[in-house]
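Colleague: Input: one structure, supplied below.
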Amino acid sequence: MANILIVEDHLIEIRKLKFELEKIGYNLKLVGDGGKTIELIKKHKFDAIILDFLLPKLTGKEILEIIMKDKKLSKIPIFFYTAHRVSTILKNEFKLNGAVGIWQKQKDMDELINKIKEICPPEYSLSLE
């Protein structure tokens with residue numbers, strides 16, 4: 001089963017994502033603090049990361065920059081999920097910086113889930129390669 005790290009500091013969003021992704025069959029690990037994220041990523045094998053933009057200690061963008069500098073970690077698909085309005089410029093910026101894309105919390109959950117299933121099906125796991 002695929003392992004996904006959810007980096008989110010809002011309990012309601014965590015519950016929504018957790019419900020939808022576990023229903024499909026993903027294994028999840030949750031963290032609400034940007035500062036603990038890098039430590040977790042280095043300690044465990046994740047097949048994908050769902051990353052909020054604004055987090056305590058490190059922002060999602062700062063976490064992405066750290067991940068992209070590491071040859072091994074940069075292979076993990078990063079999906080941004082934010083409460084902020086998502087413009088075409090912002091989508092392009094995040095894709096250029098290594099993320100799969102960015103989705104808006106209030107309206108794009110189904111689209112995000114479909115993209116995760118496309119890139120990282122529940123039965124897939126990097127740890128099996």
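Identifiers for the structure tokens are assigned positionally: chains receive A, B, ... in sequence, residues are indexed from 1 per chain, and ligands are indexed from 1 in the order shown.
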Please provide as a list in words all residues within 8 Å of Gly32 of chain A, with the sequence filter that same-chain residues fewer than 4 positions apart are discarded (counting only C-alpha atoms).

Modeller: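 The filter keeps Val7, Glu8, Asp9, His10, Leu55 and Pro56 of chain A.
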
Colleague: Write the residues of the preceding selection, restricted to C-alpha atoms, as a PDB file, in the first residue's frame.

Modeller:
```pdb
ATOM      1  CA  VAL A   7       1.383  18.028   6.341  1.00  0.00           C
ATOM      2  CA  GLU A   8      -1.547  20.109   7.543  1.00  0.00           C
ATOM      3  CA  ASP A   9      -2.223  22.195  10.642  1.00  0.00           C
ATOM      4  CA  HIS A  10      -6.026  22.485  10.442  1.00  0.00           C
ATOM      5  CA  LEU A  55       2.422  25.994   8.424  1.00  0.00           C
ATOM      6  CA  PRO A  56       4.057  26.647  11.784  1.00  0.00           C
TER       7      PRO A  56
END
```

Colleague: So that I can see what lies close to Met109 of chain A, please list as an MDAnalysis selection string the residues with an atom at most 12 Å from it, counting only C-alpha atoms and leaving out residues fewer than 3 positions away in the same chain.

Modeller: chainID A and resid 13:14 16:21 50 79:83 102:106 112:116

Colleague: Residues near Leu40 of chain A, anyone? I mean within 10 Å using only C-alpha atoms, not counting same-chain ones fewer than 5 positions away, as a ChimeraX atom specification.

Modeller: /A:5,29-31,35,45-46

Colleague: Please measure the separation of atom CA of Ser74 of chain A and atom CA of Glu111 of chain A, giving the value in Å to one decimal.

Modeller: 22.9 Å

Colleague: From a DSSP pass on the backbone, collect the residues of segment 1-107 of chain A flagged as helix (DSSP H, G or I) and hand them back as a ChimeraX atom specification.

Modeller: /A:11-24,34-43,60-68,73-75,88-96

Colleague: Looking at A:Arg85, A:Asp70, A:Ile76, A:Ile6, which one is nearest to Leu51 of chain A, with distances taken over only C-alpha atoms?

Modeller: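 Among A:Arg85, A:Asp70, A:Ile76, A:Ile6, it is A:Ile6 that comes nearest to Leu51 of chain A.
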
Colleague: Expressed in Å to a single decimal, how great is the separation between atom CA of His84 of chain A and atom CA of Asp108 of chain A?

Modeller: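 We find that atom CA of His84 of chain A and atom CA of Asp108 of chain A lie 11.7 Å from each other.
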
Colleague: Hey, what does DSSP flag as strand (DSSP E) within segment 4-76 of chain A? Can you give it to me as a list in words?

Modeller: Ile4, Leu5, Ile6, Val7, Asn27, Leu28, Lys29, Leu30, Val31, Ala48, Ile49, Ile50 and Leu51 of chain A

Colleague: Kindly give the distance, in Å, that separates atom CA of Asp33 of chain A and atom CA of Ile12 of chain A, rounded to a single decimal.

Modeller: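 These two atoms are separated by 15.3 Å.
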
Colleague: With only C-alpha atoms as the basis for distance, which of A:Lys43, A:Lys57, A:Lys107, A:Lys95 is at the shortest distance from Ile78 of chain A?

Modeller: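 Comparing A:Lys43, A:Lys57, A:Lys107, A:Lys95 against Ile78 of chain A, the winner is A:Lys95.
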
Colleague: Find, counting only C-alpha atoms, the residue in A:Ala99, A:Asp47, A:Glu39, A:Gly34 that gets nearest to Glu123 of chain A.

Modeller: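 Checking each of A:Ala99, A:Asp47, A:Glu39, A:Gly34 against Glu123 of chain A, counting only C-alpha atoms, the winner is A:Asp47.
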
Colleague: Name the closest residue to Ser125 of chain A among the candidates A:Leu58, A:Ala48, A:Ile41, A:Ile24; distances are taken between atoms, counting only C-alpha atoms.

Modeller: A:Ala48

Colleague: Under the rule that only C-alpha atoms are counted, which of A:Leu54, A:Gly101, A:Ala2, A:Lys72 is the nearest residue to Val86 of chain A?

Modeller: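 Closest to Val86 of chain A of all the choices is A:Gly101.
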
Colleague: Excluding Gly98 of chain A and any residue of its chain fewer than 5 positions from it, enumerate the residues within 9 Å of it, using only C-alpha atoms, and give them as a list in words.

Modeller: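 These residues fall inside the cut-off: Leu64, Glu65, Met68, Ser74, Pro77, Ile78 and Glu93 of chain A.
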